[in-house]
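*Asks:* Hey, dropping query_14.cif in here, mmCIF, C-alpha atoms and all ligand atoms:
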```cif
data_data
#
loop_
_atom_site.label_atom_id
_atom_site.label_comp_id
_atom_site.auth_asym_id
_atom_site.auth_seq_id
_atom_site.Cartn_x
_atom_site.Cartn_y
_atom_site.Cartn_z
CA MET A 1 -7.05 -11.68 -22.20
CA LEU A 2 -5.78 -8.15 -21.71
CA ASP A 3 -5.19 -7.99 -17.97
CA VAL A 4 -5.74 -4.55 -16.46
CA TYR A 5 -6.07 -5.94 -12.93
CA THR A 6 -2.98 -8.25 -12.75
CA GLN A 7 -3.92 -10.53 -9.84
CA ILE A 8 -4.99 -7.61 -7.62
CA ALA A 9 -2.10 -5.38 -8.70
CA SER A 10 0.58 -7.93 -7.95
CA ILE A 11 2.22 -8.78 -11.31
CA PRO A 12 5.02 -6.26 -11.91
CA ILE A 13 6.21 -7.08 -15.44
CA GLY A 14 3.48 -9.22 -16.97
CA TYR A 15 2.97 -12.98 -17.21
CA ASN A 16 5.79 -15.37 -18.14
CA HIS A 17 8.36 -12.64 -18.53
CA PRO A 18 11.41 -14.25 -20.21
CA ALA A 19 13.81 -12.72 -17.67
CA LEU A 20 11.92 -14.42 -14.82
CA MET A 21 11.60 -17.71 -16.70
CA LYS A 22 15.37 -17.68 -17.09
CA ILE A 23 15.90 -17.28 -13.33
CA MET A 24 13.54 -20.18 -12.78
CA MET A 25 15.36 -22.45 -15.24
CA ASN A 26 18.90 -21.66 -14.13
CA PRO A 27 20.23 -24.86 -12.44
CA HIS A 28 22.26 -22.73 -9.98
CA ASN A 29 19.02 -21.36 -8.57
CA LEU A 30 17.22 -24.66 -8.15
CA SER A 31 18.17 -25.31 -4.54
CA SER A 32 16.84 -21.86 -3.56
CA PHE A 33 13.45 -22.82 -4.97
CA VAL A 34 13.39 -26.32 -3.53
CA ASN A 35 14.65 -25.53 -0.02
CA ARG A 36 12.90 -22.74 1.80
CA PRO A 37 14.76 -21.55 4.90
CA ALA A 38 13.40 -20.51 8.30
CA LEU A 39 14.71 -17.09 7.42
CA GLY A 40 14.51 -15.46 10.86
CA MET A 41 16.68 -18.10 12.49
CA LEU A 42 18.74 -19.71 9.71
CA PRO A 43 19.16 -17.20 6.90
CA PRO A 44 21.25 -18.39 3.94
CA ARG A 45 24.81 -17.03 4.18
CA MET A 46 24.47 -14.83 1.09
CA PHE A 47 21.03 -13.44 1.94
CA PRO A 48 22.13 -10.00 3.28
CA GLU A 49 24.30 -9.49 0.20
CA LYS A 50 21.45 -10.51 -2.11
CA LEU A 51 19.17 -8.01 -0.42
CA LEU A 52 21.56 -5.25 -1.50
CA ASP A 53 20.83 -5.98 -5.18
CA GLY A 54 17.14 -6.53 -4.47
CA LEU A 55 15.07 -4.82 -1.81
CA ILE A 56 17.71 -2.51 -0.38
CA SER A 57 18.39 -1.07 -3.84
CA VAL A 58 14.89 0.44 -3.82
CA ALA A 59 14.80 1.52 -0.15
CA PRO A 60 12.80 4.76 0.19
CA LYS A 61 14.73 7.89 1.13
CA GLY A 62 15.83 7.92 4.77
CA LEU A 63 15.11 4.23 5.44
CA LYS A 64 18.16 2.02 5.42
CA ARG A 65 16.80 -1.14 6.99
CA VAL A 66 14.38 -3.74 5.72
CA GLN A 67 12.46 -6.57 7.35
CA THR A 68 11.09 -9.17 4.95
CA MET A 69 7.72 -10.82 5.45
CA ALA A 70 5.40 -13.05 3.49
CA CYS A 71 2.35 -10.92 2.58
CA GLY A 72 0.85 -7.46 2.86
CA SER A 73 -1.13 -8.12 6.01
CA CYS A 74 1.77 -9.65 7.90
CA SER A 75 3.99 -6.76 6.81
CA ASN A 76 1.62 -4.26 8.40
CA GLU A 77 0.97 -6.52 11.37
CA ASN A 78 4.67 -6.72 12.19
CA ALA A 79 5.27 -3.05 11.42
CA TYR A 80 2.62 -2.21 14.05
CA LYS A 81 4.40 -4.47 16.51
CA ALA A 82 7.72 -2.78 15.78
CA ILE A 83 6.03 0.60 16.39
CA PHE A 84 4.68 -0.51 19.77
CA ILE A 85 8.06 -1.95 20.78
CA TRP A 86 9.76 1.33 19.73
CA TYR A 87 7.23 3.38 21.69
CA ARG A 88 7.55 1.41 24.93
CA THR A 89 11.34 1.05 24.66
CA LYS A 90 11.54 4.83 24.42
CA GLN A 91 9.13 5.30 27.34
CA ARG A 92 11.15 3.10 29.66
CA GLY A 93 14.35 4.89 28.71
CA HIS A 94 15.84 1.93 26.84
CA SER A 95 16.26 -0.03 30.08
CA ASN A 96 15.19 -3.65 30.46
CA PRO A 97 11.52 -4.41 31.18
CA THR A 98 10.61 -4.82 34.86
CA PRO A 99 9.75 -8.30 36.20
CA GLU A 100 6.15 -7.07 36.47
CA GLU A 101 6.08 -6.09 32.81
CA SER A 102 7.41 -9.48 31.77
CA ALA A 103 5.00 -11.37 34.03
CA THR A 104 1.90 -9.41 32.96
CA SER A 105 2.74 -9.63 29.27
CA VAL A 106 2.00 -13.36 29.16
CA ILE A 107 -1.44 -12.93 30.77
CA ASN A 108 -2.53 -10.08 28.46
CA GLN A 109 -2.44 -7.48 31.22
CA ALA A 110 -0.87 -4.03 31.61
CA PRO A 111 1.83 -2.92 32.05
CA GLY A 112 3.35 -5.78 30.01
CA CYS A 113 0.59 -5.45 27.40
CA PRO A 114 0.10 -1.68 27.29
CA ASP A 115 -2.91 0.16 25.97
CA LEU A 116 -1.43 1.74 22.85
CA SER A 117 -3.18 2.48 19.59
CA ILE A 118 -2.64 2.96 15.86
CA LEU A 119 -4.60 5.75 14.17
CA SER A 120 -5.99 4.88 10.75
CA PHE A 121 -8.44 6.40 8.28
CA MET A 122 -11.99 5.63 7.25
CA GLY A 123 -11.92 3.94 3.85
CA GLY A 124 -8.40 2.62 4.49
CA PHE A 125 -7.42 -1.01 3.94
CA HIS A 126 -4.39 -2.52 5.64
CA GLY A 127 -5.17 -6.23 5.61
CA ARG A 128 -7.41 -8.74 7.32
CA THR A 129 -5.29 -10.24 10.09
CA LEU A 130 -6.47 -9.44 13.59
CA GLY A 131 -4.36 -6.34 14.33
CA CYS A 132 -4.55 -4.97 10.80
CA LEU A 133 -8.28 -5.42 10.74
CA SER A 134 -8.64 -2.80 13.47
CA THR A 135 -7.14 -0.32 10.99
CA THR A 136 -9.15 -1.54 7.98
CA HIS A 137 -12.38 0.37 7.40
CA THR A 138 -13.74 -0.62 4.02
CA LYS A 139 -16.44 -3.31 3.94
CA ALA A 140 -18.46 -4.91 6.74
CA ILE A 141 -17.94 -8.37 5.21
CA GLN A 142 -14.23 -8.06 6.07
CA LYS A 143 -14.84 -7.13 9.72
CA LEU A 144 -18.15 -8.57 10.85
CA ASP A 145 -18.07 -10.71 14.03
CA VAL A 146 -14.35 -10.15 14.63
CA PRO A 147 -13.30 -8.38 17.87
CA SER A 148 -11.50 -5.11 17.30
CA PHE A 149 -9.11 -2.87 19.24
CA ASP A 150 -10.50 0.45 20.41
CA TRP A 151 -8.26 2.48 18.07
CA PRO A 152 -9.09 5.84 16.49
CA ALA A 153 -10.23 6.10 12.86
CA ALA A 154 -10.03 9.59 11.35
CA PRO A 155 -12.03 10.80 8.32
CA PHE A 156 -10.13 10.59 5.04
CA PRO A 157 -10.75 13.66 2.84
CA LYS A 158 -13.71 13.31 0.52
CA LEU A 159 -12.39 15.32 -2.41
CA ARG A 160 -14.26 16.68 -5.40
CA TYR A 161 -13.04 15.79 -8.88
CA PRO A 162 -11.42 16.94 -11.10
CA LEU A 163 -9.01 17.89 -8.33
CA ALA A 164 -7.55 20.89 -10.18
CA GLN A 165 -11.02 22.45 -10.43
CA TYR A 166 -11.87 22.22 -6.73
CA GLU A 167 -8.56 23.11 -5.10
CA ARG A 168 -10.05 25.58 -2.60
CA GLU A 169 -12.93 23.31 -1.48
CA ASN A 170 -10.63 20.31 -1.28
CA ALA A 171 -8.06 22.20 0.80
CA GLN A 172 -10.83 23.05 3.28
CA GLU A 173 -11.92 19.42 3.45
CA GLU A 174 -8.34 18.30 4.07
CA LYS A 175 -7.95 20.89 6.82
CA ARG A 176 -11.08 19.54 8.50
CA CYS A 177 -9.71 15.98 8.41
CA LEU A 178 -6.29 17.01 9.75
CA GLU A 179 -7.94 18.86 12.64
CA GLU A 180 -9.92 15.72 13.39
CA VAL A 181 -6.69 13.69 13.39
CA GLU A 182 -5.20 15.96 16.04
CA ASP A 183 -8.41 15.89 18.10
CA LEU A 184 -8.42 12.09 18.02
CA ILE A 185 -4.76 11.89 19.07
CA VAL A 186 -5.50 14.10 22.08
CA LYS A 187 -8.70 12.20 22.90
CA TRP A 188 -6.98 8.80 22.83
CA GLU A 189 -4.08 10.11 24.92
CA LYS A 190 -6.64 11.22 27.53
CA LYS A 191 -8.31 7.80 27.36
CA GLY A 192 -4.96 6.24 28.31
CA LYS A 193 -4.47 4.68 24.85
CA PRO A 194 -1.84 6.93 23.25
CA VAL A 195 -1.45 6.87 19.49
CA ALA A 196 1.90 5.14 18.95
CA GLY A 197 1.59 5.27 15.17
CA ILE A 198 -0.42 6.58 12.22
CA VAL A 199 -0.96 4.34 9.18
CA ILE A 200 -2.10 5.58 5.78
CA GLU A 201 -2.14 4.57 2.10
CA PRO A 202 -0.88 7.14 -0.43
CA ILE A 203 -4.03 6.38 -2.45
CA GLN A 204 -6.80 4.49 -0.65
CA ALA A 205 -7.02 1.58 -3.07
CA GLU A 206 -9.46 -1.09 -1.86
CA GLY A 207 -11.54 1.75 -0.40
CA GLY A 208 -12.24 3.24 -3.85
CA ASP A 209 -9.04 4.90 -5.16
CA ASN A 210 -9.49 7.93 -2.94
CA TYR A 211 -6.91 10.71 -3.28
CA ALA A 212 -5.60 13.38 -0.96
CA SER A 213 -3.18 16.14 -1.95
CA PHE A 214 0.57 15.83 -1.45
CA ASP A 215 0.25 18.77 0.95
CA PHE A 216 -2.21 16.77 3.08
CA PHE A 217 0.34 14.00 3.53
CA ARG A 218 3.16 16.43 4.33
CA LYS A 219 0.99 18.01 7.03
CA LEU A 220 -0.03 14.62 8.37
CA ARG A 221 3.62 13.62 8.63
CA ALA A 222 4.28 16.78 10.67
CA ILE A 223 1.33 16.00 12.98
CA ALA A 224 2.70 12.52 13.65
CA LYS A 225 6.07 14.02 14.54
CA LYS A 226 4.54 16.67 16.78
CA HIS A 227 2.69 14.04 18.83
CA GLY A 228 5.52 11.50 18.99
CA SER A 229 3.65 8.97 16.82
CA ALA A 230 5.38 6.87 14.18
CA PHE A 231 4.36 7.57 10.58
CA LEU A 232 3.79 4.40 8.59
CA VAL A 233 3.02 4.53 4.87
CA ASP A 234 1.31 1.42 3.53
CA GLU A 235 2.58 1.00 -0.05
CA VAL A 236 1.38 -2.58 -0.43
CA GLN A 237 -0.76 -1.63 -3.42
CA THR A 238 0.82 1.65 -4.57
CA GLY A 239 4.48 0.57 -4.33
CA GLY A 240 6.53 -0.81 -7.20
CA GLY A 241 6.21 1.83 -9.91
CA SER A 242 2.62 2.06 -11.15
CA THR A 243 2.24 5.70 -10.08
CA GLY A 244 5.24 6.66 -12.23
CA LEU A 245 7.67 6.73 -9.29
CA PHE A 246 8.81 3.58 -7.56
CA TRP A 247 7.07 4.64 -4.33
CA ALA A 248 3.88 6.67 -4.46
CA HIS A 249 4.89 8.66 -1.37
CA GLN A 250 7.92 9.99 -3.29
CA HIS A 251 5.44 12.31 -5.01
CA TRP A 252 4.82 14.13 -1.71
CA GLY A 253 8.33 15.58 -1.39
CA LEU A 254 8.63 14.92 2.36
CA ASP A 255 11.48 16.77 4.08
CA ASP A 256 11.28 14.39 6.99
CA PRO A 257 11.01 10.81 5.64
CA ALA A 258 8.28 8.42 6.77
CA ASP A 259 9.35 6.19 9.68
CA MET A 260 8.24 2.98 7.99
CA VAL A 261 7.03 1.87 4.56
CA THR A 262 5.32 -1.48 4.07
CA PHE A 263 5.23 -3.33 0.75
CA SER A 264 4.17 -6.61 -0.92
CA LYS A 265 2.28 -7.32 -4.19
CA LYS A 266 4.45 -5.97 -7.08
CA LEU A 267 7.58 -6.40 -4.98
CA LEU A 268 6.80 -10.13 -4.90
CA ILE A 269 8.08 -10.35 -1.33
CA GLY A 270 6.43 -8.59 1.61
CA GLY A 271 8.00 -6.56 4.38
CA TYR A 272 8.79 -3.09 5.61
CA PHE A 273 11.56 -0.53 5.38
CA TYR A 274 12.30 1.32 8.60
CA LYS A 275 14.50 3.85 10.33
CA ASP A 276 17.27 2.58 12.64
CA GLU A 277 15.35 3.50 15.80
CA PHE A 278 12.63 0.96 14.91
CA GLU A 279 15.05 -1.95 15.16
CA PRO A 280 13.79 -3.85 18.24
CA ASP A 281 16.21 -3.88 21.17
CA LYS A 282 16.40 -7.69 21.22
CA PRO A 283 16.46 -10.37 18.54
CA MET A 284 13.37 -12.51 17.85
CA ARG A 285 10.89 -9.85 18.94
CA ILE A 286 9.76 -9.63 15.30
CA PHE A 287 9.86 -13.19 14.11
CA ASN A 288 8.13 -16.11 12.47
CA THR A 289 9.24 -19.23 10.64
CA TRP A 290 9.50 -18.12 7.04
CA MET A 291 9.59 -14.30 7.26
CA GLY A 292 9.32 -14.09 3.51
CA ASP A 293 11.17 -16.17 0.96
CA PRO A 294 14.68 -15.48 -0.42
CA ALA A 295 13.61 -16.98 -3.76
CA LYS A 296 11.13 -14.09 -4.15
CA ASN A 297 13.94 -11.60 -3.59
CA MET A 298 15.76 -13.28 -6.50
CA PHE A 299 12.77 -12.62 -8.74
CA LEU A 300 12.51 -9.09 -7.43
CA THR A 301 16.17 -8.42 -8.22
CA GLU A 302 15.47 -9.45 -11.81
CA VAL A 303 12.28 -7.39 -11.96
CA LEU A 304 14.22 -4.32 -10.80
CA LYS A 305 16.82 -4.96 -13.48
CA VAL A 306 14.10 -5.08 -16.15
CA ILE A 307 12.49 -1.89 -14.76
CA ARG A 308 15.85 -0.09 -15.01
CA GLU A 309 16.96 -1.52 -18.35
CA GLU A 310 13.61 -0.92 -20.04
CA ASN A 311 13.06 2.40 -18.29
CA LEU A 312 9.63 1.20 -17.25
CA LEU A 313 8.82 4.07 -14.89
CA GLU A 314 8.98 6.44 -17.86
CA GLN A 315 6.82 3.97 -19.78
CA VAL A 316 4.27 4.06 -16.94
CA LYS A 317 4.12 7.85 -17.18
CA ARG A 318 3.52 7.73 -20.94
CA THR A 319 0.95 4.96 -20.75
CA GLY A 320 -0.74 6.63 -17.78
CA HIS A 321 -1.15 9.77 -19.83
CA VAL A 322 -2.92 7.85 -22.62
CA MET A 323 -5.10 6.00 -20.12
CA LEU A 324 -6.21 9.01 -18.11
CA ASN A 325 -6.92 11.12 -21.19
CA GLY A 326 -8.85 8.20 -22.66
CA LEU A 327 -10.88 7.87 -19.45
CA TYR A 328 -11.66 11.61 -19.51
CA GLU A 329 -12.95 11.20 -23.06
CA LEU A 330 -15.07 8.19 -22.14
CA GLN A 331 -16.60 9.98 -19.16
CA ALA A 332 -17.50 12.90 -21.44
CA ARG A 333 -19.06 10.44 -23.92
CA TYR A 334 -20.98 8.46 -21.25
CA PRO A 335 -21.77 11.04 -18.53
CA HIS A 336 -24.84 9.04 -17.43
CA LEU A 337 -22.53 6.09 -16.60
CA LEU A 338 -19.07 7.43 -15.71
CA SER A 339 -17.59 10.12 -13.49
CA LYS A 340 -14.49 11.06 -11.48
CA ALA A 341 -11.79 9.72 -13.81
CA ARG A 342 -8.58 9.97 -11.76
CA GLY A 343 -5.09 8.59 -11.72
CA LEU A 344 -1.38 8.85 -11.10
CA GLY A 345 0.73 7.02 -13.69
CA THR A 346 -1.23 3.94 -14.71
CA PHE A 347 -2.78 3.71 -11.23
CA CYS A 348 -6.13 4.96 -12.54
CA ALA A 349 -9.79 4.62 -11.62
CA ILE A 350 -13.23 5.77 -12.63
CA ASP A 351 -16.61 5.78 -10.90
CA VAL A 352 -19.65 4.06 -12.37
CA LYS A 353 -23.26 5.15 -11.75
CA ASP A 354 -23.89 2.52 -9.07
CA GLU A 355 -22.55 -0.76 -7.76
CA ASP A 356 -24.78 -2.98 -9.85
CA THR A 357 -23.89 -1.18 -13.10
CA ARG A 358 -20.20 -1.28 -12.15
CA ASN A 359 -20.31 -5.04 -11.67
CA LYS A 360 -22.16 -5.55 -14.97
CA LEU A 361 -19.60 -3.40 -16.77
CA ILE A 362 -16.71 -5.43 -15.35
CA LEU A 363 -18.41 -8.62 -16.50
CA LYS A 364 -19.09 -7.22 -19.95
CA ALA A 365 -15.47 -6.15 -20.31
CA ARG A 366 -14.32 -9.62 -19.26
CA ASN A 367 -16.52 -11.22 -21.91
CA LYS A 368 -14.80 -8.95 -24.42
CA GLY A 369 -11.36 -10.01 -23.24
CA VAL A 370 -10.38 -7.38 -20.66
CA VAL A 371 -9.87 -8.19 -16.98
CA LEU A 372 -10.83 -5.33 -14.64
CA GLY A 373 -11.33 -5.06 -10.89
CA GLY A 374 -13.68 -3.06 -8.72
CA CYS A 375 -12.90 -1.11 -5.57
CA GLY A 376 -14.96 0.92 -3.12
CA ASN A 377 -18.71 0.94 -3.72
CA GLN A 378 -18.86 1.97 -7.34
CA SER A 379 -15.34 2.39 -8.75
CA ILE A 380 -13.33 0.43 -11.28
CA ARG A 381 -9.60 0.39 -10.66
CA PHE A 382 -7.05 -0.07 -13.42
CA ARG A 383 -3.88 -1.86 -12.39
CA PRO A 384 -1.90 -2.90 -15.47
CA ALA A 385 1.63 -4.28 -15.24
CA LEU A 386 4.54 -1.88 -15.76
CA VAL A 387 5.06 -3.29 -19.27
CA PHE A 388 1.63 -2.04 -20.38
CA LYS A 389 2.40 0.22 -23.33
CA GLU A 390 0.49 3.00 -25.07
CA HIS A 391 -0.96 0.58 -27.65
CA HIS A 392 -2.20 -1.71 -24.85
CA ALA A 393 -3.88 1.32 -23.23
CA GLN A 394 -5.49 2.18 -26.56
CA LEU A 395 -6.69 -1.38 -27.01
CA PHE A 396 -8.12 -1.39 -23.49
CA LEU A 397 -9.90 1.96 -24.08
CA ASN A 398 -11.46 0.71 -27.32
CA ILE A 399 -12.79 -2.45 -25.68
CA PHE A 400 -13.96 -0.53 -22.62
CA ASN A 401 -15.77 1.84 -24.98
CA ASP A 402 -17.50 -1.12 -26.65
CA ALA A 403 -18.56 -2.49 -23.26
CA LEU A 404 -19.94 0.94 -22.30
CA ALA A 405 -21.79 1.23 -25.62
CA ASP A 406 -23.47 -2.11 -24.87
CA MET A 407 -24.71 -0.77 -21.53
CA LYS A 408 -26.95 1.82 -23.15
C1 LIG B 1 -2.89 -1.12 0.89
C2 LIG B 1 -2.96 -2.57 1.28
N1 LIG B 1 -2.45 -2.97 2.45
C3 LIG B 1 -2.47 -4.26 2.82
C4 LIG B 1 -3.04 -5.23 2.01
C5 LIG B 1 -3.06 -6.65 2.46
O1 LIG B 1 -2.21 -7.41 1.68
P1 LIG B 1 -2.38 -9.02 1.61
O2 LIG B 1 -3.65 -9.26 0.87
O3 LIG B 1 -1.17 -9.47 0.87
O4 LIG B 1 -2.44 -9.51 3.01
C6 LIG B 1 -3.58 -4.86 0.78
C7 LIG B 1 -4.20 -5.87 -0.10
O5 LIG B 1 -4.88 -5.60 -1.03
C8 LIG B 1 -3.55 -3.49 0.41
O6 LIG B 1 -4.07 -3.08 -0.77
#
```
Step by step, read the file and then write its structure as C-alpha cells.
*Replies:*
Amino acid sequence: MLDVYTQIASIPIGYNHPALMKIMMNPHNLSSFVNRPALGMLPPRMFPEKLLDGLISVAPKGLKRVQTMACGSCSNENAYKAIFIWYRTKQRGHSNPTPEESATSVINQAPGCPDLSILSFMGGFHGRTLGCLSTTHTKAIQKLDVPSFDWPAAPFPKLRYPLAQYERENAQEEKRCLEEVEDLIVKWEKKGKPVAGIVIEPIQAEGGDNYASFDFFRKLRAIAKKHGSAFLVDEVQTGGGSTGLFWAHQHWGLDDPADMVTFSKKLLIGGYFYKDEFEPDKPMRIFNTWMGDPAKNMFLTEVLKVIREENLLEQVKRTGHVMLNGLYELQARYPHLLSKARGLGTFCAIDVKDEDTRNKLILKARNKGVVLGGCGNQSIRFRPALVFKEHHAQLFLNIFNDALADMK
C-alpha cells in the first residue's frame, strides 16, 4: 500500500525505518523499552540530557522549556491547566493561595476553582478529553451527551480558494472573525469568566484543512497579548515538518513568540513547549504517572537525525510542489468532483462534491492500493511521511486519477 494518511499523520519517516529498527535492536537500549518510569516522580538520571538531543533541539523560537505527555489530548489538557495556574498565580501576585482557596478547590467551588475560560474556534479540534472537548467544535458524534464548559468559540475564517485570487475578500472575512474574537473576550470578561487563553491550530486539520492567512495569526497573537490571555498553538497535527518547516507556525513570522506549543503524532511523544512564566509555582501541579515515555524521545532523537541528515524538510517542499500542482491539474480535469485544492508542503487537501462521494473515492483509492483519510464534511487530507518523494507523489496522483476516472 502507498500510505498517504500514515496512521492519522503520525508516522514521521515511514514504516520500519532502518534507523529506528537499529535503536530497537541495540542491547544498550533494551532496559529503556522494558522498564517504563513514572516520569514525573522518578525520571531516569539521564533524561534531561537526552531531551537536549531530542525535543529541546526542536523547541520553537522563544520557548525554552518542555513538558512531556503521552498523547495529543493530554498535551492540550495539561497546557490548559498550566494556563489557568499561570493566570491565577499572576492575579494573586505570586503569593500563596488563601486557606479559603485551598478549601474550596476540593469541593469544586470558587474561589479555589475559578471561572476562567479558553477561547477556541469553530471547526477546531483539540482532542476528546473532557477539558479539550470544550474547545473541540468539529462533529456532534465527538461531543454529544458530554457536559461542556461555558467557554467562547469564535468563528474561524471561511476563506475562498484559490487564496491568491480572493485576497481582498478573505482579508475582510478574517477581519470579521478577529473582531468577533475581541467581542467574545470582552463578553466573557463581563460574564465573570475571563479568557485565560486562546487555542488555535495553524491549519484546522480534523475540521477540514481550513486555512487562515499568516497575517490573521499575527493579529490574533497581538489580540491575546492585549487582553492578557495566553496564546497556545496546537501543532499536534501540523508539527514535525510536513508543512515544509518543522513547526507550521514558523511560517507566520511572529515577532512575539506563542506562549505555548503543543505536539504529539509525528513527534512520537506528546507534550508542550512553554515560556518560563508558565512553569507552575509548585511541583506536581502538572503531573500524572507516565507523563510520556523516555523511549519515545529516543526514537524522536533518531527521527530528528534522519530529518537533518537527509534534509527532509527540503524534500517535503519539493514533494509538496508536485502534489499540489498535481491536485490543481486533477481538479481542472474533474471539476464536477473536485475543488479547493490547497496545501502547505505535503500537508495538502482537496474537497470532493459531497460526503458520500468523498467516502466512495477514499474506498476506491484504497482498493487500488492508496490509503487516504477524510476530514471535515467533504475533504480528503493528504498526510504522507516526510520520506515521501516526488516519484511517490506522482504514483499517488496517477492512482488517484484512476480512482476519479472510475467515479464518472
Ligand atoms: C490538532 C489536534 N489536536 C489534538 C489532537 C488530539 O490528539 P490525540 O488523538 O493524540 O489525543 C489531534 C488529533 O487528531 C489533533 O489533530
*Asks:* Enumerate residues in contact with ligand LIG 1 (chain B): an atom-to-atom distance of at most 9 Å, counting all atoms listed in the file. Format the result as a ChimeraX atom specification.
*Replies:* /A:8-9,70-76,124-129,132,136,200-207,234-238,262-265,270
*Asks:* Would you pick out the contacts of segment 99-103 of chain A at 8 Å or less, using only C-alpha atoms, so that residues sharing its chain but fewer than 5 positions from it are not included, and give the list as a list in words?
*Replies:*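 The residues satisfying every condition are Ala110, Pro111, Gly112 and Cys113 of chain A.
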*Asks:* Which value, in Å to one decimal, gives the distance between atom CA of Phe214 of chain A and atom CA of Lys226 of chain A?
*Replies:*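 It comes out at 18.7 Å.
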*Asks:* Using atom CA of Asn401 of chain A and atom CA of Leu330 of chain A as the two end points, give the distance in Å to one decimal.
*Replies:* 7.0 Å
*Asks:* Segment 76-195 of chain A near segment 280-295 of chain A within 7 Å: what's each residue's closest atom pair and its distance in Å to one decimal, counting all atoms listed in the file, ordered by chain then ascending residue number, as a Markdown table?
*Replies:*
```
| residue | atom | partner | partner_atom | distance |
| --- | --- | --- | --- | --- |
| A:Asn78 | CA | A:Ile286 | CA | 6.6 |
| A:Ala82 | CA | A:Pro280 | CA | 6.6 |
| A:Ile85 | CA | A:Pro280 | CA | 6.5 |
| A:Trp86 | CA | A:Pro280 | CA | 6.7 |
```
*Asks:* Which one is closest to Phe231 of chain A: A:Ala405, A:Leu55, A:Leu300, A:Ile118? Count all atoms listed in the file.
*Replies:*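 Answer, going by the shortest atom-to-atom distance: A:Ile118.
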